[in-house]
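What follows is the content of coords-v9.cif (mmCIF, C-alpha atoms).
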```cif
data_query
#
loop_
_atom_site.group_PDB
_atom_site.id
_atom_site.type_symbol
_atom_site.label_atom_id
_atom_site.label_comp_id
_atom_site.auth_asym_id
_atom_site.auth_seq_id
_atom_site.Cartn_x
_atom_site.Cartn_y
_atom_site.Cartn_z
ATOM 1 C CA MET A 1 2.747 -20.903 -22.587
ATOM 2 C CA TYR A 2 -0.634 -20.396 -20.910
ATOM 3 C CA ASN A 3 -0.768 -24.001 -19.676
ATOM 4 C CA GLU A 4 2.844 -23.868 -18.463
ATOM 5 C CA LEU A 5 2.139 -20.674 -16.522
ATOM 6 C CA TYR A 6 -0.996 -22.189 -15.027
ATOM 7 C CA GLU A 7 0.864 -25.287 -13.822
ATOM 8 C CA LEU A 8 3.718 -23.259 -12.333
ATOM 9 C CA TRP A 9 1.294 -20.844 -10.659
ATOM 10 C CA LYS A 10 -0.686 -23.739 -9.188
ATOM 11 C CA LYS A 11 2.446 -25.500 -7.845
ATOM 12 C CA GLU A 12 3.802 -22.289 -6.338
ATOM 13 C CA LYS A 13 0.472 -21.530 -4.684
ATOM 14 C CA GLU A 14 0.005 -25.043 -3.281
ATOM 15 C CA ASN A 15 3.507 -25.324 -1.844
ATOM 16 C CA GLU A 16 3.806 -22.462 0.617
ATOM 17 C CA ALA A 17 7.175 -23.436 2.081
ATOM 18 C CA THR A 18 9.576 -23.775 -0.823
ATOM 19 C CA LEU A 19 10.284 -22.067 -4.089
ATOM 20 C CA GLN A 20 9.362 -24.228 -7.019
ATOM 21 C CA ARG A 21 11.855 -24.660 -9.810
ATOM 22 C CA LEU A 22 11.205 -22.371 -12.764
ATOM 23 C CA PRO A 23 12.900 -22.511 -16.133
ATOM 24 C CA LYS A 24 15.908 -20.154 -16.176
ATOM 25 C CA ASN A 25 14.358 -18.120 -19.018
ATOM 26 C CA PHE A 26 10.863 -18.054 -17.497
ATOM 27 C CA TYR A 27 10.557 -14.285 -17.101
ATOM 28 C CA ALA A 28 11.740 -13.655 -20.655
ATOM 29 C CA LYS A 29 9.157 -16.139 -21.938
ATOM 30 C CA ILE A 30 6.356 -14.549 -19.881
ATOM 31 C CA ALA A 31 7.285 -11.051 -21.035
ATOM 32 C CA ALA A 32 7.354 -12.164 -24.677
ATOM 33 C CA TYR A 33 4.035 -13.994 -24.281
ATOM 34 C CA ILE A 34 2.336 -10.974 -22.699
ATOM 35 C CA LYS A 35 3.722 -8.685 -25.396
ATOM 36 C CA LYS A 36 2.584 -11.041 -28.169
ATOM 37 C CA THR A 37 -0.885 -11.394 -26.639
ATOM 38 C CA ARG A 38 -1.241 -7.625 -26.242
ATOM 39 C CA GLU A 39 -0.145 -7.000 -29.834
ATOM 40 C CA GLU A 40 -2.442 -9.695 -31.178
ATOM 41 C CA ASN A 41 -5.383 -8.316 -29.219
ATOM 42 C CA ARG A 42 -4.748 -4.812 -30.529
ATOM 43 C CA MET A 43 -5.018 -6.027 -34.108
ATOM 44 C CA LEU A 44 -8.399 -7.691 -33.663
ATOM 45 C CA ASP A 45 -11.886 -6.229 -33.884
ATOM 46 C CA LYS A 46 -12.887 -5.681 -30.244
ATOM 47 C CA LYS A 47 -16.360 -7.092 -30.884
ATOM 48 C CA SER A 48 -15.137 -10.399 -32.266
ATOM 49 C CA THR A 49 -15.272 -13.573 -30.221
ATOM 50 C CA LYS A 50 -11.543 -14.136 -30.694
ATOM 51 C CA ALA A 51 -10.785 -10.666 -29.313
ATOM 52 C CA ARG A 52 -12.967 -11.267 -26.247
ATOM 53 C CA LEU A 53 -11.350 -14.651 -25.603
ATOM 54 C CA LEU A 54 -7.882 -13.208 -26.059
ATOM 55 C CA SER A 55 -8.758 -10.378 -23.677
ATOM 56 C CA ILE A 56 -9.844 -12.879 -21.034
ATOM 57 C CA GLU A 57 -6.666 -14.903 -21.595
ATOM 58 C CA PHE A 58 -4.589 -11.719 -21.250
ATOM 59 C CA LYS A 59 -6.267 -10.836 -17.929
ATOM 60 C CA ASN A 60 -5.748 -14.382 -16.626
ATOM 61 C CA VAL A 61 -2.094 -14.396 -17.635
ATOM 62 C CA LYS A 62 -1.468 -11.065 -15.928
ATOM 63 C CA PHE A 63 -3.264 -12.287 -12.789
ATOM 64 C CA MET A 64 -1.377 -15.599 -12.596
ATOM 65 C CA ALA A 65 1.981 -14.039 -13.422
ATOM 66 C CA GLY A 66 1.431 -11.296 -10.853
ATOM 67 C CA GLU A 67 0.480 -13.780 -8.144
ATOM 68 C CA LEU A 68 3.362 -16.060 -9.063
ATOM 69 C CA PHE A 69 5.793 -13.144 -8.690
ATOM 70 C CA GLU A 70 4.268 -12.216 -5.310
ATOM 71 C CA PHE A 71 4.425 -15.789 -4.014
ATOM 72 C CA ARG A 72 8.051 -16.113 -5.021
ATOM 73 C CA TYR A 73 8.982 -12.680 -3.687
ATOM 74 C CA LYS A 74 7.483 -13.473 -0.277
ATOM 75 C CA LYS A 75 9.097 -16.895 -0.111
ATOM 76 C CA LEU A 76 12.484 -15.478 -1.065
ATOM 77 C CA TRP A 77 12.286 -12.767 1.590
ATOM 78 C CA GLU A 78 11.119 -15.245 4.228
ATOM 79 C CA LYS A 79 14.150 -17.407 3.487
ATOM 80 C CA VAL A 80 16.489 -14.430 3.617
ATOM 81 C CA LEU A 81 15.011 -13.122 6.871
ATOM 82 C CA ALA A 82 15.220 -16.585 8.436
ATOM 83 C CA ARG A 83 18.855 -16.699 7.268
ATOM 84 C CA GLU A 84 18.175 -19.858 5.305
ATOM 85 C CA THR A 85 19.923 -20.549 2.062
ATOM 86 C CA VAL A 86 17.875 -20.702 -1.085
ATOM 87 C CA ALA A 87 18.332 -23.501 -3.592
ATOM 88 C CA ARG A 88 19.940 -21.680 -6.498
ATOM 89 C CA ASP A 89 18.567 -24.142 -9.024
ATOM 90 C CA ALA A 90 15.035 -23.042 -8.062
ATOM 91 C CA LEU A 91 15.793 -19.437 -9.003
ATOM 92 C CA THR A 92 15.685 -17.899 -12.434
ATOM 93 C CA ASP A 93 18.692 -15.899 -13.609
ATOM 94 C CA GLU A 94 16.948 -12.637 -12.677
ATOM 95 C CA GLU A 95 15.973 -13.900 -9.228
ATOM 96 C CA GLU A 96 19.495 -15.093 -8.567
ATOM 97 C CA LYS A 97 20.842 -11.614 -9.310
ATOM 98 C CA LEU A 98 18.303 -10.103 -6.924
ATOM 99 C CA TYR A 99 19.133 -12.705 -4.277
ATOM 100 C CA ARG A 100 22.838 -11.854 -4.540
ATOM 101 C CA GLU A 101 21.912 -8.219 -3.875
ATOM 102 C CA ILE A 102 19.552 -8.702 -0.926
ATOM 103 C CA PHE A 103 21.338 -11.489 0.961
ATOM 104 C CA PRO A 104 24.379 -9.346 1.954
ATOM 105 C CA LEU A 105 22.007 -6.577 3.043
ATOM 106 C CA ALA A 106 20.116 -8.978 5.309
ATOM 107 C CA GLU A 107 23.397 -10.332 6.714
ATOM 108 C CA ALA A 108 24.629 -6.805 7.467
ATOM 109 C CA TYR A 109 21.351 -5.999 9.191
ATOM 110 C CA HIS A 110 21.548 -9.153 11.338
ATOM 111 C CA ALA A 111 25.136 -8.308 12.329
ATOM 112 C CA PHE A 112 24.143 -4.730 13.133
ATOM 113 C CA SER A 113 21.214 -5.833 15.316
ATOM 114 C CA LYS A 114 23.427 -8.383 17.108
ATOM 115 C CA ASP A 115 25.944 -5.650 17.914
ATOM 116 C CA ILE A 116 23.209 -3.376 19.255
ATOM 117 C CA LEU A 117 21.915 -6.159 21.503
ATOM 118 C CA ARG A 118 25.462 -6.649 22.833
ATOM 119 C CA GLY A 119 25.634 -2.963 23.655
ATOM 120 C CA HIS A 120 27.904 -1.948 20.781
ATOM 121 C CA LEU A 121 27.068 0.541 18.091
ATOM 122 C CA SER A 122 28.868 -0.609 15.000
ATOM 123 C CA VAL A 123 29.731 1.975 12.418
ATOM 124 C CA LEU A 124 28.277 1.072 9.076
ATOM 125 C CA GLY A 125 30.671 1.754 6.231
ATOM 126 C CA ASN A 126 29.638 3.225 2.951
ATOM 127 C CA ASP A 127 30.407 0.244 0.754
ATOM 128 C CA ALA A 128 28.072 1.471 -1.961
ATOM 129 C CA LYS A 129 29.558 1.213 -5.409
ATOM 130 C CA GLN A 130 30.242 4.654 -6.741
ATOM 131 C CA THR A 131 29.191 5.129 -10.312
ATOM 132 C CA MET A 132 31.414 7.078 -12.612
ATOM 133 C CA VAL A 133 30.204 9.314 -15.406
ATOM 134 C CA VAL A 134 32.138 10.275 -18.523
ATOM 135 C CA LEU A 135 31.705 13.967 -19.341
ATOM 136 C CA ARG A 136 32.752 16.102 -22.298
ATOM 137 C CA PHE A 137 33.001 19.753 -21.437
ATOM 138 C CA VAL A 138 31.708 22.288 -23.938
ATOM 139 C CA GLN A 139 32.888 25.349 -22.060
ATOM 140 C CA GLU A 140 35.518 26.288 -19.530
ATOM 141 C CA LEU A 141 34.806 25.121 -15.985
ATOM 142 C CA PRO A 142 36.784 25.861 -12.812
ATOM 143 C CA GLU A 143 37.813 23.172 -10.328
ATOM 144 C CA LEU A 144 35.001 21.241 -8.709
ATOM 145 C CA VAL A 145 34.699 18.804 -5.827
ATOM 146 C CA GLY A 146 33.314 15.364 -6.668
ATOM 147 C CA SER A 147 31.086 13.198 -4.500
ATOM 148 C CA ASP A 148 34.259 11.415 -3.335
ATOM 149 C CA LEU A 149 35.476 14.810 -1.981
ATOM 150 C CA LYS A 150 38.394 14.945 -4.440
ATOM 151 C CA THR A 151 39.090 18.051 -6.495
ATOM 152 C CA TYR A 152 38.755 17.766 -10.272
ATOM 153 C CA GLY A 153 39.625 20.244 -12.979
ATOM 154 C CA PRO A 154 39.827 22.949 -14.127
ATOM 155 C CA PHE A 155 38.371 21.899 -17.471
ATOM 156 C CA ALA A 156 38.740 23.463 -20.901
ATOM 157 C CA PRO A 157 36.326 23.118 -23.824
ATOM 158 C CA GLU A 158 36.474 19.620 -25.408
ATOM 159 C CA ASP A 159 38.096 18.069 -22.286
ATOM 160 C CA ILE A 160 36.806 14.622 -21.368
ATOM 161 C CA ALA A 161 36.820 13.400 -17.778
ATOM 162 C CA THR A 162 35.461 10.505 -15.771
ATOM 163 C CA LEU A 163 33.915 11.808 -12.563
ATOM 164 C CA PRO A 164 32.006 10.215 -9.672
#
```
Could you quickly redo this structure as structure tokens?
Amino acid sequence: MYNELYELWKKEKENEATLQRLPKNFYAKIAAYIKKTREENRMLDKKSTKARLLSIEFKNVKFMAGELFEFRYKKLWEKVLARETVARDALTDEEEKLYREIFPLAEAYHAFSKDILRGHLSVLGNDAKQTMVVLRFVQELPELVGSDLKTYGPFAPEDIATLP
């Protein structure tokens, strides 16, 4: 895993313009590798040569992984801000989920700024997904107003309700 990380880090660093293709499970592999290395290092005598070498390897892995994440983060944001599409096959599963979250935000911001420059103030809607919570009441509770401004209740002991 160390050699694979080194090669990917080197490619990402050398190519400043595009995201390099990473294996889809790359972040899971890195996390498992770091965890395994940390656990292994904890079991060794700190004065042993193996422990010192493993400690150096651990520091190098954290450095390369951290830089790799930063490189990719910056490249992804640069693409989004330039309104360029990102090759989905270059993204890991986790990065693709993040990309799907940030791209609409960037598009909304571009549309908003365009409207301002045309002299229009567009009203931004609250499209945020409202999370619902399941509650079991242990005592009596009068009516209450939820975050969606609807009235809920009253509730008796052992009532169960899904509220925003």
Which one of A:Leu54, A:Ala111, A:Leu5, A:Met64 sits closest to Arg38 of chain A if you count all atoms listed in the file?
->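 Closest candidate: A:Leu54.
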If you apply the PyMOL selection byres ((chain A and resi 94) around 10) to this file, what residues do you get, as a list of chain:residue names?
-> A:Lys24, A:Asn25, A:Phe26, A:Tyr27, A:Ala28, A:Leu91, A:Thr92, A:Asp93, A:Glu95, A:Glu96, A:Lys97, A:Leu98, A:Tyr99
Name every residue that the PyMOL selection byres ((chain A and resi 79) around 12) selects in this structure, writing the answer as a list in words with chains first and numbers rising.
->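 Taken over the shown coordinates, the PyMOL selection byres ((chain A and resi 79) around 12) returns Glu16, Ala17, Thr18, Leu19, Arg72, Tyr73, Lys74, Lys75, Leu76, Trp77, Glu78, Val80, Leu81, Ala82, Arg83, Glu84, Thr85, Val86, Ala87, Tyr99, Ile102, Phe103 and Ala106 of chain A.
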For segment 100-108 of chain A, what centre and edge lengths in Å (one decimal) does the axis-aligned box get once 8 Å is added on each side of all its listed atoms, as lines of an AutoDock Vina configuration file?
```
center_x = 22.1
center_y = -9.2
center_z = 1.5
size_x = 21.1
size_y = 21.3
size_z = 28.0
```
Pick from A:Glu158, A:Glu70, A:Glu39, A:Asp115 nearest to Glu12 of chain A, counting all atoms listed in the file |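 So, comparing all the options, the nearest one is A:Glu70.
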Within 12 Å of Ser55 of chain A, counting all atoms listed in the file, which residues qualify if same-chain residues fewer than 3 places away don't, as a list of chain:residue names?
->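 The residues that qualify are A:Ile34, A:Thr37, A:Arg38, A:Glu39, A:Glu40, A:Asn41, A:Arg42, A:Met43, A:Leu44, A:Asp45, A:Lys46, A:Lys47, A:Ser48, A:Thr49, A:Lys50, A:Ala51, A:Arg52, A:Phe58, A:Lys59, A:Asn60, A:Val61, A:Lys62.
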Taking the file above as input, evaluate the PyMOL selection byres ((chain A and resi 136) around 8) and report the hits as a ChimeraX atom specification.
-> /A:134-135,137-138,158-161
How many Å lie between atom CA of Gln139 of chain A and atom CA of Ala156 of chain A, rounded to one decimal?
-> 6.3 Å
If you measure from atom CA of Ile116 of chain A to atom CA of Glu101 of chain A, what distance in Å do you get, rounded to one decimal?
->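 Between atom CA of Ile116 of chain A and atom CA of Glu101 of chain A the gap works out to 23.7 Å.
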List the neighbours of Asp148 of chain A out to 9 Å using all atoms listed in the file; skip same-chain residues closer than 2 positions along the sequence, and give me the result as a PyMOL selection string.
-> chain A and resi 130+145-146+150-151+164
Missing atoms in segment 74-90 of chain A need filling: write out N, CA and C atoms for it as a compact mmCIF listing (two decimals), in the coordinates of the input.
```txt
# COMPACT_ATOMS: atom_id res chain seq x y z
N LYS A 74 7.68 -13.25 -1.71
CA LYS A 74 7.48 -13.47 -0.28
C LYS A 74 8.31 -14.65 0.23
N LYS A 75 8.32 -15.73 -0.52
CA LYS A 75 9.10 -16.90 -0.11
C LYS A 75 10.59 -16.57 -0.05
N LEU A 76 11.07 -15.84 -1.03
CA LEU A 76 12.48 -15.48 -1.06
C LEU A 76 12.84 -14.62 0.14
N TRP A 77 12.01 -13.63 0.44
CA TRP A 77 12.29 -12.77 1.59
C TRP A 77 12.19 -13.53 2.90
N GLU A 78 11.23 -14.44 3.02
CA GLU A 78 11.12 -15.24 4.23
C GLU A 78 12.38 -16.07 4.45
N LYS A 79 12.91 -16.63 3.38
CA LYS A 79 14.15 -17.41 3.49
C LYS A 79 15.31 -16.51 3.90
N VAL A 80 15.39 -15.35 3.30
CA VAL A 80 16.49 -14.43 3.62
C VAL A 80 16.38 -13.97 5.07
N LEU A 81 15.19 -13.60 5.50
CA LEU A 81 15.01 -13.12 6.87
C LEU A 81 15.26 -14.22 7.90
N ALA A 82 14.97 -15.46 7.54
CA ALA A 82 15.22 -16.58 8.44
C ALA A 82 16.67 -17.05 8.33
N ARG A 83 17.45 -16.40 7.50
CA ARG A 83 18.86 -16.70 7.27
C ARG A 83 19.06 -18.11 6.73
N GLU A 84 18.08 -18.56 5.95
CA GLU A 84 18.18 -19.86 5.30
C GLU A 84 18.72 -19.66 3.90
N THR A 85 19.44 -20.64 3.44
CA THR A 85 19.92 -20.55 2.06
C THR A 85 18.81 -20.96 1.11
N VAL A 86 18.88 -20.42 -0.05
CA VAL A 86 17.88 -20.70 -1.08
C VAL A 86 18.53 -21.59 -2.13
N ALA A 87 17.82 -22.62 -2.54
CA ALA A 87 18.33 -23.50 -3.59
C ALA A 87 18.47 -22.70 -4.88
N ARG A 88 19.68 -22.51 -5.32
CA ARG A 88 19.94 -21.68 -6.50
C ARG A 88 19.30 -22.25 -7.75
N ASP A 89 19.15 -23.55 -7.82
CA ASP A 89 18.57 -24.14 -9.02
C ASP A 89 17.07 -23.87 -9.13
N ALA A 90 16.46 -23.39 -8.03
CA ALA A 90 15.04 -23.04 -8.06
C ALA A 90 14.82 -21.61 -8.56
```
